[in-house]
$ cat final_24.txt   # compact mmCIF, C-alpha atoms
# COMPACT_ATOMS: atom_id res chain seq x y z
CA MET A 169 16.27 14.99 -7.82
CA PRO A 170 14.65 11.92 -6.28
CA TYR A 171 13.90 11.81 -2.59
CA ILE A 172 16.15 9.49 -0.61
CA LEU A 173 14.87 6.62 1.52
CA THR A 174 17.24 4.78 3.84
CA VAL A 175 17.05 2.06 6.44
CA SER A 176 18.98 1.81 9.69
CA PRO A 177 22.04 -0.35 8.90
CA ASP A 178 20.96 -2.89 11.54
CA PHE A 179 18.29 -4.35 9.22
CA SER A 180 18.41 -8.06 8.59
CA PRO A 181 20.24 -8.97 5.32
CA ASP A 182 17.20 -11.16 4.57
CA HIS A 183 15.17 -7.98 4.15
CA ILE A 184 17.31 -6.18 1.56
CA SER A 185 15.08 -7.23 -1.33
CA GLY A 186 12.03 -6.45 0.84
CA TRP A 187 13.09 -2.81 1.17
CA TYR A 188 13.64 -2.48 -2.58
CA ILE A 189 10.18 -3.92 -3.22
CA PHE A 190 8.73 -1.57 -0.60
CA ASN A 191 10.38 1.42 -2.27
CA THR A 192 9.02 0.47 -5.69
CA TRP A 193 5.53 0.08 -4.22
CA LEU A 194 5.77 3.42 -2.37
CA GLN A 195 6.89 5.35 -5.46
CA LYS A 196 3.89 4.05 -7.41
CA GLN A 197 1.51 4.93 -4.60
CA ILE A 198 2.58 8.51 -4.09
CA GLY A 199 3.84 9.32 -7.59
CA GLU A 200 7.27 10.54 -6.51
CA ALA A 201 10.75 9.37 -7.46
CA ILE A 202 12.42 7.87 -4.38
CA HIS A 203 15.87 6.33 -4.38
CA LEU A 204 16.64 3.65 -1.78
CA GLU A 205 20.14 4.18 -0.39
CA LEU A 206 21.36 1.45 1.96
CA TYR A 207 24.47 2.36 3.93
CA ASN A 208 26.99 -0.23 5.07
CA SER A 209 27.74 1.46 8.35
CA PHE A 210 26.13 3.70 10.93
CA GLN A 211 28.87 6.24 10.33
CA ALA A 212 28.10 6.46 6.60
CA GLN A 213 24.40 6.88 7.37
CA HIS A 214 25.08 9.49 10.03
CA ASP A 215 27.19 11.45 7.53
CA ALA A 216 24.28 11.40 5.06
CA ILE A 217 21.88 12.57 7.79
CA HIS A 218 24.31 15.27 8.84
CA ASN A 219 24.48 16.50 5.23
CA ASP A 220 20.65 16.61 5.03
CA ASN A 221 20.60 14.00 2.26
CA ILE A 222 17.82 11.84 3.72
CA ASP A 223 14.05 12.30 3.27
CA LEU A 224 12.61 9.05 4.59
CA ILE A 225 14.26 6.76 7.10
CA TYR A 226 13.39 3.57 8.92
CA ALA A 227 15.37 4.60 11.98
CA ASN A 228 16.48 2.79 15.09
CA PRO A 229 15.20 4.46 18.29
CA PHE A 230 18.59 5.89 19.20
CA ASP A 231 18.92 7.74 15.89
CA ALA A 232 15.20 8.62 15.88
CA ALA A 233 15.80 10.85 18.89
CA MET A 234 18.48 12.81 17.05
CA LEU A 235 16.48 12.92 13.80
CA VAL A 236 13.37 14.35 15.50
CA ARG A 237 15.04 16.71 17.95
CA GLU A 238 17.91 17.98 15.81
CA LYS A 239 16.94 17.42 12.20
CA GLY A 240 13.21 18.18 12.19
CA PHE A 241 12.05 14.70 11.16
CA LEU A 242 8.46 13.70 11.94
CA PRO A 243 7.14 10.25 12.85
CA LEU A 244 4.97 8.31 10.42
CA VAL A 245 4.52 4.65 11.33
CA LYS A 246 6.04 1.64 13.06
CA ALA A 247 5.75 -2.07 12.41
CA GLN A 248 3.15 -3.70 14.61
CA GLY A 249 4.52 -6.11 17.20
CA MET A 250 8.20 -5.61 16.30
CA SER A 251 9.96 -4.30 19.40
CA ASP A 252 13.77 -4.18 19.55
CA GLU A 253 15.19 -6.50 22.16
CA ALA A 254 18.76 -7.44 23.07
CA ILE A 255 20.37 -10.74 24.05
CA ILE A 256 23.48 -11.27 26.15
CA ALA A 257 25.21 -14.52 25.22
CA VAL A 258 28.44 -16.37 25.95
CA ASN A 259 30.20 -19.40 24.52
CA GLU A 260 28.28 -22.56 25.45
CA ALA A 261 31.42 -23.89 27.16
CA SER A 262 31.86 -20.76 29.27
CA ALA A 263 31.77 -21.20 33.05
CA ILE A 264 29.60 -18.07 33.24
CA SER A 265 25.93 -18.89 33.75
CA ASP A 266 24.66 -15.55 35.02
CA VAL A 267 25.46 -11.96 34.08
CA THR A 268 26.50 -11.19 37.66
CA GLU A 269 29.37 -13.69 37.35
CA LEU A 270 31.06 -11.47 34.73
CA SER A 271 33.87 -9.32 36.03
CA PRO A 272 35.46 -5.97 35.10
CA GLY A 273 37.89 -6.36 32.24
CA SER A 274 35.54 -8.70 30.36
CA ARG A 275 35.80 -8.55 26.59
CA VAL A 276 32.40 -7.55 25.19
CA ALA A 277 31.67 -8.08 21.49
CA VAL A 278 29.14 -5.67 20.02
CA THR A 279 28.12 -4.12 16.72
CA GLU A 280 27.77 -0.40 16.09
CA ASP A 281 23.98 -0.77 16.50
CA PRO A 282 23.44 1.98 19.11
CA ASP A 283 20.15 0.99 20.72
CA VAL A 284 21.08 -2.68 21.03
CA ARG A 285 24.43 -1.75 22.52
CA LEU A 286 22.64 0.53 24.98
CA MET A 287 20.14 -2.15 26.03
CA GLY A 288 22.94 -4.71 26.27
CA MET A 289 25.15 -2.53 28.46
CA ILE A 290 22.16 -1.92 30.76
CA MET A 291 21.83 -5.66 31.16
CA LEU A 292 25.52 -5.87 32.13
CA GLU A 293 25.16 -3.24 34.87
CA PRO A 294 24.05 -5.74 37.56
CA ALA A 295 27.62 -7.11 37.30
CA ASP A 296 29.03 -3.58 37.83
CA LEU A 297 30.19 -3.55 34.22
CA THR A 298 30.24 -0.24 32.35
CA ALA A 299 31.80 0.97 29.11
CA ASP A 300 34.67 2.26 31.25
CA ASN A 301 35.68 -1.06 32.77
CA VAL A 302 35.14 -3.55 29.94
CA GLN A 303 37.00 -4.08 26.71
CA ILE A 304 34.58 -3.31 23.87
CA LYS A 305 35.19 -5.20 20.61
CA VAL A 306 33.20 -3.64 17.78
CA CYS A 307 32.23 -6.06 14.99
CA ASP A 308 30.68 -5.37 11.58
CA SER A 309 27.83 -7.85 12.01
CA TYR A 310 26.13 -10.07 14.58
CA VAL A 311 27.59 -13.16 12.87
CA LEU A 312 31.02 -11.72 13.65
CA VAL A 313 29.96 -11.10 17.28
CA ALA A 314 29.08 -14.82 17.46
CA LYS A 315 32.43 -15.75 15.89
CA GLN A 316 34.28 -13.72 18.53
CA LEU A 317 32.56 -15.82 21.19
CA LEU A 318 33.17 -19.12 19.41
CA ARG A 319 36.89 -18.35 18.96
CA GLY A 320 37.21 -17.27 22.57
CA ASP A 321 38.22 -13.77 21.48
CA ALA A 322 35.36 -12.25 23.51
CA ASP A 323 33.85 -13.29 26.85
CA VAL A 324 30.35 -12.03 26.19
CA GLY A 325 28.36 -10.77 23.20
CA ILE A 326 25.50 -8.33 22.79
CA PHE A 327 23.03 -9.23 20.04
CA LEU A 328 19.85 -7.81 18.56
CA ALA A 329 17.42 -10.61 19.52
CA GLU A 330 16.11 -10.88 15.96
CA ALA A 331 19.65 -11.20 14.62
CA TYR A 332 20.46 -13.86 17.23
CA ASP A 333 17.42 -15.85 16.15
CA ASP A 334 18.62 -15.60 12.54
CA LEU A 335 22.00 -17.20 13.37
CA SER A 336 22.41 -20.74 12.04
CA ASN A 337 21.51 -23.58 14.39
CA ILE A 338 25.13 -24.77 14.29
CA ILE A 339 26.27 -21.43 15.70
CA LYS A 340 23.42 -21.13 18.21
CA LYS A 341 24.20 -24.59 19.61
CA GLN A 342 27.65 -23.32 20.56
CA LEU A 343 26.29 -20.27 22.38
CA LYS A 344 24.46 -19.81 25.67
CA ILE A 345 21.96 -17.01 26.35
CA LEU A 346 22.42 -15.37 29.74
CA VAL A 347 19.61 -12.85 29.48
CA GLN A 348 17.15 -11.49 26.96
CA SER A 349 15.56 -8.08 27.35
CA GLN A 350 11.78 -7.81 27.63
CA ILE A 351 11.38 -4.08 27.19
CA GLY A 352 8.60 -4.05 24.60
CA VAL A 353 8.45 -0.30 23.98
CA ILE A 354 11.64 0.39 22.05
CA GLN A 355 11.29 -0.02 18.32
CA HIS A 356 12.24 1.27 14.90
CA ALA A 357 10.14 3.98 13.30
CA LEU A 358 9.63 5.30 9.79
CA LEU A 359 10.27 9.04 9.83
CA VAL A 360 9.82 11.70 7.18
CA GLY A 361 12.31 14.53 6.73
CA PRO A 362 11.67 18.25 6.20
CA ARG A 363 11.74 18.18 2.35
CA LEU A 364 8.95 15.60 2.18
CA ALA A 365 7.06 16.68 5.31
CA HIS A 366 4.34 18.41 3.24
CA ARG A 367 3.16 14.92 2.19
CA ARG A 368 3.25 13.46 5.68
CA ASP A 369 -0.50 12.87 6.09
CA GLU A 370 -0.80 11.27 2.67
CA LEU A 371 2.25 9.07 3.29
CA ARG A 372 0.86 7.92 6.62
CA GLU A 373 -2.58 7.14 5.19
CA THR A 374 -1.00 5.21 2.31
CA LEU A 375 1.19 3.16 4.66
CA LEU A 376 -1.61 2.45 7.14
CA ALA A 377 -3.78 1.13 4.31
CA MET A 378 -1.02 -1.12 2.95
CA ASN A 379 -2.44 -4.30 4.41
CA VAL A 380 -5.84 -3.69 2.82
CA ASP A 381 -4.87 -4.85 -0.67
CA GLU A 382 -3.09 -8.02 -1.67
CA LYS A 383 -0.10 -6.33 -3.27
CA GLY A 384 0.54 -4.23 -0.18
CA ARG A 385 0.26 -7.30 2.04
CA ASP A 386 2.84 -9.12 -0.10
CA VAL A 387 5.23 -6.18 0.20
CA LEU A 388 4.87 -6.21 3.99
CA LYS A 389 5.40 -9.97 4.08
CA ASN A 390 8.82 -9.41 2.51
CA LEU A 391 9.65 -7.19 5.48
CA SER A 392 8.35 -9.86 7.91
CA PHE A 393 5.47 -7.97 9.48
CA ASP A 394 1.76 -7.60 8.78
CA VAL A 395 0.77 -4.02 9.26
CA TRP A 396 2.06 -0.53 9.99
CA VAL A 397 0.61 1.35 12.93
CA SER A 398 0.59 5.12 13.30
CA ILE A 399 3.02 6.94 15.56
CA GLU A 400 1.60 10.15 16.95
CA ASP A 401 3.97 12.99 17.85
CA GLU A 402 3.50 12.33 21.57
CA ASP A 403 4.25 8.58 21.14
CA MET A 404 7.52 9.59 19.51
CA GLU A 405 8.33 12.10 22.24
CA PHE A 406 7.69 9.37 24.81
CA MET A 407 10.11 7.00 23.10
CA ILE A 408 12.73 9.74 22.83
CA ASP A 409 12.33 10.52 26.54
CA LEU A 410 12.69 6.82 27.26
CA MET A 411 15.90 6.58 25.22
CA ASP A 412 17.13 9.66 27.04
CA THR A 413 16.61 8.05 30.44
CA LEU A 414 18.47 4.94 29.31
CA ASN A 415 21.36 6.76 27.78
CA THR A 416 23.30 7.37 30.98
CA MET B 181 -5.63 8.31 45.07
CA ILE B 182 -3.50 6.74 47.76
CA TYR B 183 -4.75 4.78 50.73
CA ASP B 184 -3.34 3.46 53.99
CA MET B 185 -1.90 -0.02 53.58
CA LYS B 186 -4.15 -2.83 54.77
CA PRO B 187 -3.05 -5.84 56.87
CA GLU B 188 -5.00 -8.22 54.62
CA HIS B 189 -2.72 -7.28 51.69
CA ILE B 190 0.51 -7.92 53.59
CA ILE B 191 2.50 -11.12 53.24
CA GLY B 192 4.59 -12.06 56.28
CA GLU B 193 5.33 -10.31 59.55
CA TYR B 194 5.19 -6.56 59.27
CA GLN B 195 6.04 -3.33 61.03
CA GLU B 196 3.93 -0.19 60.98
CA VAL B 197 4.87 3.45 60.48
CA THR B 198 3.15 6.63 59.26
CA LEU B 199 4.93 8.60 56.55
CA ASP B 200 4.45 12.21 55.48
CA LEU B 201 4.57 12.11 51.70
CA TYR B 202 4.99 14.83 49.09
CA GLY B 203 1.88 17.00 48.70
CA GLY B 204 0.81 16.87 52.35
CA ILE B 205 -0.28 13.21 52.18
CA ARG B 206 -0.01 11.06 55.33
CA ARG B 207 0.02 7.32 54.79
CA LYS B 208 0.07 4.34 57.13
CA ILE B 209 2.78 1.99 55.87
CA LEU B 210 2.97 -1.71 56.67
CA TYR B 211 6.28 -3.20 55.61
CA THR B 212 8.14 -6.50 55.79
CA GLU B 213 11.72 -7.66 55.27
CA ILE B 214 10.84 -9.70 52.18
CA GLU B 215 12.73 -8.71 49.03
CA THR B 216 11.48 -9.40 45.51
CA PRO B 217 14.54 -9.67 43.23
CA TYR B 218 14.48 -7.38 40.21
CA PRO B 219 13.90 -9.55 37.12
CA ASP B 220 16.63 -9.75 34.46
CA GLY B 221 16.10 -7.88 31.21
CA LYS B 222 13.08 -5.85 32.26
CA LEU B 223 12.52 -2.12 32.61
CA ILE B 224 9.86 -0.49 34.75
CA VAL B 225 8.55 2.58 32.97
CA SER B 226 6.16 5.25 34.17
CA THR B 227 5.33 8.86 33.52
CA THR B 228 3.81 11.36 35.89
CA ASP B 229 2.35 14.83 35.61
CA THR B 230 4.24 17.74 37.16
CA SER B 231 2.81 17.00 40.60
CA GLY B 232 4.03 13.39 40.55
CA VAL B 233 0.69 11.71 39.74
CA ILE B 234 1.11 8.59 37.58
CA THR B 235 -0.26 9.07 34.05
CA HIS B 236 1.31 6.11 32.22
CA LEU B 237 2.89 2.83 33.24
CA ASN B 238 4.01 -0.47 31.76
CA LYS B 239 3.34 -4.10 32.65
CA SER B 240 6.62 -4.53 34.56
CA PHE B 241 5.52 -1.76 36.95
CA VAL B 242 2.33 -3.67 37.72
CA GLU B 243 4.23 -6.95 38.18
CA MET B 244 6.88 -5.55 40.49
CA SER B 245 4.72 -3.22 42.59
CA GLY B 246 1.95 -5.76 43.21
CA TYR B 247 -0.70 -3.12 42.47
CA THR B 248 -3.16 -3.31 39.58
CA GLU B 249 -2.91 -0.84 36.72
CA GLU B 250 -6.14 0.81 37.95
CA GLU B 251 -4.67 1.28 41.43
CA LEU B 252 -1.51 2.88 40.03
CA LEU B 253 -3.00 5.21 37.42
CA ASN B 254 -3.77 8.63 38.93
CA ALA B 255 -2.03 7.65 42.19
CA PRO B 256 0.94 9.70 43.40
CA HIS B 257 4.27 8.04 42.60
CA SER B 258 4.96 8.13 46.34
CA ILE B 259 2.71 5.05 46.58
CA LEU B 260 6.08 3.27 46.25
CA ARG B 261 7.80 5.20 49.05
CA HIS B 262 9.54 2.86 51.48
CA PRO B 263 10.21 4.05 55.04
CA ASP B 264 13.90 3.09 54.67
CA MET B 265 14.34 5.72 51.94
CA PRO B 266 15.61 9.04 53.35
CA THR B 267 13.60 12.15 52.46
CA VAL B 268 16.81 13.84 51.33
CA ALA B 269 17.01 11.46 48.33
CA PHE B 270 13.64 12.66 47.04
CA ILE B 271 14.44 16.30 47.73
CA ASP B 272 17.52 15.81 45.57
CA LEU B 273 15.37 14.13 42.88
CA TRP B 274 12.84 16.99 42.73
CA ASP B 275 15.55 19.69 42.89
CA THR B 276 17.37 18.04 40.00
CA VAL B 277 14.41 17.49 37.67
CA ASN B 278 12.99 20.92 38.46
CA ARG B 279 16.25 22.34 37.11
CA GLY B 280 15.52 20.43 33.89
CA LYS B 281 18.24 17.87 34.61
CA LYS B 282 18.29 14.08 34.66
CA TRP B 283 18.31 12.40 38.10
CA GLN B 284 19.71 8.95 38.77
CA GLY B 285 19.82 7.00 41.99
CA TYR B 286 19.25 3.71 43.75
CA VAL B 287 15.84 3.37 45.34
CA LYS B 288 14.24 0.85 47.68
CA ASN B 289 10.61 0.63 46.60
CA LEU B 290 7.63 -0.57 48.62
CA ARG B 291 5.28 -3.22 47.27
CA LYS B 292 1.58 -3.51 47.94
CA ASP B 293 2.26 -6.71 49.92
CA GLY B 294 4.67 -4.84 52.23
CA GLY B 295 7.79 -6.29 50.63
CA TYR B 296 10.42 -4.31 48.74
CA TYR B 297 12.55 -4.27 45.61
CA TRP B 298 15.66 -2.27 44.75
CA VAL B 299 15.98 -0.39 41.48
CA LYS B 300 18.38 1.87 39.67
CA ALA B 301 16.06 4.74 38.78
CA THR B 302 16.44 7.48 36.20
CA VAL B 303 14.01 10.39 36.04
CA ILE B 304 13.90 13.04 33.32
CA PRO B 305 11.62 16.01 32.79
CA ASN B 306 9.39 15.78 29.70
CA VAL B 307 9.83 19.06 27.88
CA ARG B 308 7.23 19.99 25.24
CA ASN B 309 7.42 23.37 23.49
CA GLY B 310 9.84 24.55 26.13
CA GLN B 311 7.57 23.64 29.05
CA VAL B 312 7.96 20.77 31.53
CA VAL B 313 4.73 18.79 31.21
CA GLY B 314 5.66 15.79 33.33
CA TYR B 315 8.38 13.30 34.17
CA THR B 316 9.45 9.91 32.80
CA SER B 317 11.00 7.42 35.17
CA VAL B 318 12.73 4.23 34.10
CA ARG B 319 13.86 1.66 36.62
CA ARG B 320 16.34 -1.10 35.86
CA LYS B 321 18.14 -3.88 37.68
CA PRO B 322 20.77 -2.45 40.05
CA SER B 323 24.12 -4.00 40.87
CA ARG B 324 24.23 -5.76 44.24
CA THR B 325 27.36 -3.79 45.12
CA LYS B 326 25.46 -0.51 44.76
CA VAL B 327 22.49 -1.90 46.70
CA GLU B 328 24.79 -2.95 49.54
CA GLU B 329 26.42 0.51 49.56
CA CYS B 330 23.02 2.25 49.68
CA SER B 331 21.71 -0.13 52.36
CA LYS B 332 24.56 1.10 54.59
CA LEU B 333 24.40 4.76 53.54
CA TYR B 334 20.67 5.52 53.64
CA PRO B 335 20.12 4.89 57.39
CA THR B 336 22.77 7.57 58.06
CA LEU B 337 20.80 10.19 56.12
CA PHE B 338 17.78 10.42 58.45
$ encode --input "final_24.txt" --output "structure tokens"
Amino acid sequence: MPYILTVSPDFSPDHISGWYIFNTWLQKQIGEAIHLELYNSFQAQHDAIHNDNIDLIYANPFDAAMLVREKGFLPLVKAQGMSDEAIIAVNEASAISDVTELSPGSRVAVTEDPDVRLMGMIMLEPADLTADNVQIKVCDSYVLVAKQLLRGDADVGIFLAEAYDDLSNIIKKQLKILVQSQIGVIQHALLVGPRLAHRRDELRETLLAMNVDEKGRDVLKNLSFDVWVSIEDEDMEFMIDLMDTLNT
Amino acid sequence: MIYDMKPEHIIGEYQEVTLDLYGGIRRKILYTEIETPYPDGKLIVSTTDTSGVITHLNKSFVEMSGYTEEELLNAPHSILRHPDMPTVAFIDLWDTVNRGKKWQGYVKNLRKDGGYYWVKATVIPNVRNGQVVGYTSVRRKPSRTKVEECSKLYPTLF
């Protein structure tokens, strides 16, 4: 039975091939069969986690907390300089120019991406908006969040900053950013599950050395970053504590 | 370490008061009526040990407090204590986190220059191997409605 690698469903579609290339590279390096399973939804991935089907996961910080505390996953590495940030945007024609001008009852377009939704809702708090007094419209992708704004079906949208940047210029011209988070310490992490934990040190060393040879560097380029950096157990605990403080 | 505030660091007209802080510390406070608005999209993050001494902080903490990172590290978190904050709020904070629970509240913080800034603060105990080893505090932008409510409520709690 191969080990199973998965990636948080919020990854950019541009990186699908990058993750397959990464998995091929990783299998060669550690001499183990690993199957890359990409789930279409957070629910499908959560079901797989719940059923203990996952051995390696590039997890968003929200899920990382659950994986470490409840499922015995251990941190390996994170991408250098890739923090998760959120953007609050409205239709360019909207009269709203500041978050505090939004009022209860606003229609908020989001994806299922839990950490981005959390950061976004925090940025709506200055307007006294909470999940209890807005109308949440869950979309399957950030492009669909943008479409909700363009059609006037939502008043405000919450985006992963990276996904917002990836929107076409035609779409971006019709949107207006109200606020972008500058948190800097929330980011995805590659975690190893209990079945593969005995190879944790070797996996980490292999990943940290990826940028040393040309092939490894090319693989990383396909994922749009240059180097992995180690996550120590305490770094992970800190990020989990941080997510815990935000999740209220 | 924590020192008395110095007139040369203060911007604008100030008042003076001496506060008794947690841990038997007395501090001369110089404070003004100048508010620094909380910046959009930022979080102030810090951790302390179990006695409330700062062990970790982020850049936003430095920017908003007006202190340098060196001044904040190893200082008691009460370096931010504003005289308009009632003691009862901090008693509630410590009682809550000492029970292993999360505390949340609106806090008026004191800057090095004597000014202030309002935050929505959340504090959680850091539990490692079943033991509380410190606390993480995250501050975010509060709603003006809540700030106005607290500005009226807090003077009644002295």
$ residues_around --input "final_24.txt" --residues "Lys305 in chain A" --least-positions-apart "5" --cutoff "7 Å" --atoms "all atoms listed in the file" --output "list in words"
Arg275, Val276, Ala277 and Val278 of chain A
$ residues_around --input "final_24.txt" --residues "Ile198 in chain A" --least-positions-apart "5" --cutoff "10 Å" --atoms "all atoms listed in the file" --output "PyMOL selection string"
chain A and resi 193+367+370-371+374
$ interface_residues --input "final_24.txt" --of "chain B" --to "chain A" --cutoff "12 Å" --atoms "only C-alpha atoms" --output "PyMOL selection string"
chain B and resi 217-228+236-241+281-285+298-309+313-327
$ axis_aligned_box --input "final_24.txt" --around "range 243-251 of chain A" --padding-each-side "6 Å" --output "JSON"
{"center_x": 6.6, "center_y": 2.1, "center_z": 14.9, "size_x": 18.8, "size_y": 28.4, "size_z": 21.0}
$ closest_residue --input "final_24.txt" --among "B:Lys208, B:Lys332, B:Lys186, B:Lys288" --to "Arg261 in chain B" --atoms "all atoms listed in the file"
B:Lys288
$ closest_residue --input "final_24.txt" --among "B:Leu333, B:Ala255, B:Leu290, B:Leu210" --to "Ser231 in chain B" --atoms "all atoms listed in the file"
B:Ala255
$ atom_distance --input "final_24.txt" --atom1 "CA of Glu269 in chain A" --atom2 "CA of Ala331 in chain A"
24.8 Å
$ atom_distance --input "final_24.txt" --atom1 "CA of Ala201 in chain A" --atom2 "CA of Gln355 in chain A"
27.4 Å
